[in-house]
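See below for the structure under consideration.
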Amino acid sequence: MKKKLLVLLLLLVVKFAHADEGMWLPYLLGQKVYADMVKKGLKLSKEQLYSINKASIKDAIIIFGGGCTGEIVSKNGLIFTNHHCGYGAIAAASSVEHNYLKDGFYAKSFAEEIPANGLSVQFLVRVEDVSEQLMPALKGLSGAEYNKKFQELSGDIVKKLVEGTDYEAKVVPMFKGNQFLAFVYERYSDIRLVGTPPESIGKFGGDTDNWEWPRHTGDFSIFRVYANKDNKPAEYDAANVPLKPKYFLPVSIKGVKENDYAMIFGYPGGTNRYETSYGVKLKTSIENPNIVNLRDARLKAMFEQMKNDPAVKLQLASSYAGIANYWKFYDGERKQLLKYKVYEEKQKEEAAFNAWAKGKPEYENILSQYEQNYKAWEPYAKERIYLTEGVLGSPLASFAASLSGVEDALVRSGLPADAAAKAIQKADASRTNFLKNENKPSDQKILAITAQMYYNDVPKDQHPIGFFEGIRQQFGDLSDAKTFQDWAAYVFANTMVFDDTKWNQFKTLPDAAKLQADPAYAYASAFIKNYISKYLPLYRKFVSTNDDLGRSYLAGIMAMKPTATRYPDANFTMRLSYGQVKSYNPRDAVHYDYVTTLTGVMEKYIPGDYEFDLPQKLIDLYNKKDFGQYKDARKNDIVVGFITTNDITGGNSGSPVINGNGELIGLAFDGNYEALSHKIQFDSVYNRTICVDVRYVLWCIDKLGGASNIINELKLVR
C-alpha cells in the first residue's frame, strides 16, 4: 500500500517540473529560477529586470490597448508591437483612398504620425503583495459572499494605493485566490500610428498559416506614446510631445542561433494549468467543437462578401480576424488535448491528490464535489455556447440585444423620469456606430444559419417557448434551410434598426410594445430572456462553485508540496518566461529548422492570392538581394522568423523577445499547432513560440518602407 501511494504521488505534475515551462512574476523571481536563467545565458541582474527604484526592463514593457503587449524601443517613446495588435487602429485610420491596411504606412516625421483615437497603453509602476489585508477577512467565505467581500476590500486597497496620484490600480488573485497582488499602472492615452507594413506582409499566410510553423509573417506595427510638456499622461493635443521613457530596449541585429537564450516579457492573458479532468472533458466534448462549428459558419458568410470587394474587406477585416484567430485555436486545442491524453494525465494527478488527501477533511472531498458540479452544468453548456457564439454571433442580433436597456427603461416603474430618454439617446449613438460597421449580406446569412444551427443542435426542451413554432407557421418547414433564409430576409427587411423613418418615429414616441414587436429585437430578446430566466442562475452557480473548489484544490496542492517552486496561472499581469531558440521534430521523419527566411516567403508567394500575395517592391528587393545590414551571415538571406521554447499565451502578442544581454531580437506573435493544449498543459517537447525576427522588421521599415528616420531613432547593437 505504501509503495502504491508513493507511485501515485510521483505522478503528480507540479508546475515547475518541465523545462522552460513557467510564466514567472518578475516581482517575485525566486533564486532557483533566476539561477536557471543565468545558467541558460542571462547576463543581467534581478534588479535590471525589475526594479521600482531604478530604470529596468519592466519600464519598457507596456500593456498595449488592453489585450496585447508592446515595448518601448527609443528615447522618444517609440513602440513596437504586433501587426494584429495594431490592426484595429490601422483599419480605423484607413479609408478606400488611403488604405494603410493594404498599402502600408510609415510616418517620415512626428507631424505625419496619425492619432489612434481610443487607444491607450499602460506602464507598470509597482506591485505589492496585499494578501495579509485580504486573506483573514475572506477566510471561511464562499460564493457571492466571498466575491462581495473581495470587491469591497480590494476597492479600499486600490483607493489607498492611487490616492493623490493619476495612477490606476487593481488587485489580482493569484493561485486561484491563495495570494493577492496589487498592480499599480500609469496610463497614456495619446498614442499615434507611426508605421505598418502592408497587410500582405503583416498578415502574410493569413488563416492558412495561423498557429503554424514554418511561418513567414511580418507581424509588426509601430506606434508612439505622447505626453504633455511635463512628460505626464494627457489626452490628445497637437502640442503634446513624444514621451521620454524611463527605459527603452536596445535592438540587436547580430541575429540568433540555435540554443541562444531567449526571454519574453509581457502580459499573458489566461491559462488554467490546474484544470481538472472534468474541465478538460467539458472542453473537448462540448465547448470547443461547438464554438468551432459556429465560428466556421460565421466566417464563411463574411469571407464570401470580403473576397470580391475591397471596401467590404476593409469594413469587416478587424472583426473577421478576431473570429478567425480563435476559431483555429479552439479546433487545435481540442485535437491536442485528445492527442496527448491530457484528460487521462489529469486523472492521474487527481488520483495522487486523493491518495494524499485521504483523512484530511478540508481536502478529501474536493474532487468528488468537482464531479457533481460538472455533472449538474453539463446538460446546459451547449445552450450557452449557442447563445453567445451563435445567436449573438449575428451583429444585428447582438445590437438588438443591447436594446434591452431601452425596454427596461420603458416598462420598469420607479425609474427617474428621464431614464427612457437617456436609454434611447445611448441606443441611438450605438446604432450609428453599428450601421457604420454593418455588412447586411453577410449578417443576413449569419442570422439564418446560426438560428438554424441552434434549432437543430440544442435540446428542444431548452428552446425559447414558441419561438421556432412561430417561424414554422409563417415561413415553413424547420428542416428546410430556405425557411430560415426567408425568415432572416423578413427580419432584415422589417426591423426598425435599418429603417431611419421607423427608428426616428420610435425615438420621438417610444413604445415598449413597438420595440417588442420588432422582429430583430423579438429574436434577440426571446433567447436572452430564455437564458437569463432558466440557465444563467445555473451557470453562475457552476462558476461560483468551481471558484470555491479551485481555491481549496490549489491550497491542497500547495500543502502537499510546500517547498515546490510554482508560478500562478496567467491572468494578464506582467510575467517573464525564458527558454532557448530551438528547432523541433513535429512528427516522424520531419524536422523543422529554428528560422525561416525571405527565400521561404518567395516560395509561398502566389500572385493575387488573398493570403500569399506580396508587394512588388519586396519581390524586386529580394531578386536584387538588397538585404543591407540586416542580412543573416549564416543564411546569406533575411531571417523572417524564429522559434523558441518560451511559455506564452494570448496577451503575449507583441511581447519583446530579449537576448541574454537585454537586447531586443524579435517580437513574439504566435504558438505552434502541435502545442495548442498550452492553456491547460504545457508540452516541454513540442511547445514553441513563433517570433518575427527584428532584422526582418527593420528591413521592412528601412528597405521596403524607406523610413530610415525610424531606424535612426533606435539604439542598434551590431
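If you're wondering about the labels, chains in the C-alpha cells are A, B, ... by order shown, residues count from 1 in each chain, ligands from 1 in order shown.
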
Quick one: pick out all helix (DSSP H, G or I) residues within region 608-709 of chain A from a backbone DSSP run and write them as a ChimeraX atom specification. /A:616-623,628-630,673-675,694-704,708-709

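With only C-alpha atoms as the atoms that count, the minimum distance from Ala311 (chain A) to the choices A:Ala351, A:Val96, A:Ala400, A:Val411 is reached by A:Val96.
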
For the structure I just gave you, how does DSSP split region 8-213 of chain A - specifically, which residues are strand (DSSP E or B)? Reply as an MDAnalysis selection string. chainID A and resid 24 61:64 68:72 78:81 105:106 114:115 121:129 168:174 179:188 190:196

When you count only C-alpha atoms, which of these residues is closest to Ala91 (chain A): A:Thr276, A:Gln133, A:Asn354, A:Gln315? A:Gln315

Closest contacts (region 186-207 of chain A/region 215-221 of chain A, max 6 Å, only C-alpha atoms) as JSON lines:
{"residue": "A:Gly195", "atom": "CA", "partner": "A:Ser221", "partner_atom": "CA", "distance": 5.9}
{"residue": "A:Thr196", "atom": "CA", "partner": "A:Ser221", "partner_atom": "CA", "distance": 4.6}
{"residue": "A:Ile201", "atom": "CA", "partner": "A:Gly218", "partner_atom": "CA", "distance": 5.2}
{"residue": "A:Gly202", "atom": "CA", "partner": "A:Asp219", "partner_atom": "CA", "distance": 4.6}
{"residue": "A:Lys203", "atom": "CA", "partner": "A:Thr217", "partner_atom": "CA", "distance": 5.9}
{"residue": "A:Phe204", "atom": "CA", "partner": "A:Thr217", "partner_atom": "CA", "distance": 4.9}

Create the file for the chosen residues now, containing N, CA and C atoms and written as a compact mmCIF listing (two decimals), in the first residue's frame.
# COMPACT_ATOMS: atom_id res chain seq x y z
N GLY A 195 3.88 53.47 -38.03
CA GLY A 195 4.18 52.67 -39.20
C GLY A 195 3.54 51.30 -39.17
N THR A 196 3.27 50.78 -40.35
CA THR A 196 2.76 49.43 -40.50
C THR A 196 3.16 48.90 -41.87
N ILE A 201 2.25 41.66 -45.94
CA ILE A 201 3.41 41.28 -45.12
C ILE A 201 2.96 41.02 -43.68
N GLY A 202 2.20 41.95 -43.11
CA GLY A 202 1.79 41.85 -41.72
C GLY A 202 0.87 40.69 -41.44
N LYS A 203 0.12 40.22 -42.47
CA LYS A 203 -0.74 39.05 -42.30
C LYS A 203 -0.40 37.96 -43.32
N PHE A 204 0.82 37.99 -43.83
CA PHE A 204 1.21 37.00 -44.84
C PHE A 204 0.96 35.58 -44.32

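Using only C-alpha atoms, the residues found no farther than 6 Å from Ala116 (chain A), other than those of its own chain fewer than 3 positions away, are Ala89, Leu119, Ile191 and Arg192 of chain A.
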
Return the single residue from A:Lys102, A:Lys148, A:Lys257, A:Arg126 that is closest to Ala317 (chain A), with distances computed using only C-alpha atoms. A:Lys102

If we count only C-alpha atoms and set the cut-off at 8 Å, which residues sit around Tyr578 (chain A), ignoring sequence neighbours fewer than 4 positions away in its own chain? Please answer as a PyMOL selection string. chain A and resi 20+22+37+261-264+645-647

How would the residues just chosen look if you wrote them out with C-alpha atoms as a CSV table (one decimal), in the first residue's frame?
chain,number,residue,atom,x,y,z
A,20,ASP,CA,11.2,26.1,-20.0
A,22,GLY,CA,6.7,29.0,-16.4
A,37,MET,CA,18.1,31.8,-16.2
A,261,TYR,CA,19.0,32.3,-24.6
A,262,ALA,CA,15.6,33.9,-25.2
A,263,MET,CA,13.5,35.8,-22.6
A,264,ILE,CA,10.0,37.2,-23.1
A,645,THR,CA,10.8,27.2,-26.2
A,646,ASN,CA,9.3,30.0,-24.2
A,647,ASP,CA,6.0,29.6,-22.4

Using only C-alpha atoms, which of A:Gln179, A:Ile446, A:Ile528, A:Tyr236 sits nearest Met558 (chain A)? A:Gln179

Just the residues within 9 Å of Ala423 (chain A), please, counting only C-alpha atoms, with nothing from its chain fewer than 4 positions along; format it as a ChimeraX atom specification. /A:403,405-407,409,418-419,427-428

Extract, using only C-alpha atoms, all DNA, RNA and protein residues at most 10 Å from region 29-33 of chain A, discarding same-chain residues fewer than 6 positions from it, and format them as a PyMOL selection string. chain A and resi 16+22+39+46+49-50+565-567+575-576+578

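Excluding Val595 (chain A) itself and same-chain residues fewer than 2 positions from it, the residues having an atom within 6 Å of it are Asp593, Gly641 and Phe642 of chain A, counting only C-alpha atoms.
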
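Closest to Leu716 (chain A) among A:Pro510, A:Gly414, A:Pro26, A:Pro250 is A:Pro250, based on only C-alpha atoms.
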
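If you look at CA of Asn117 (chain A) and CA of Ile222 (chain A), they are 15.2 Å away from each other.
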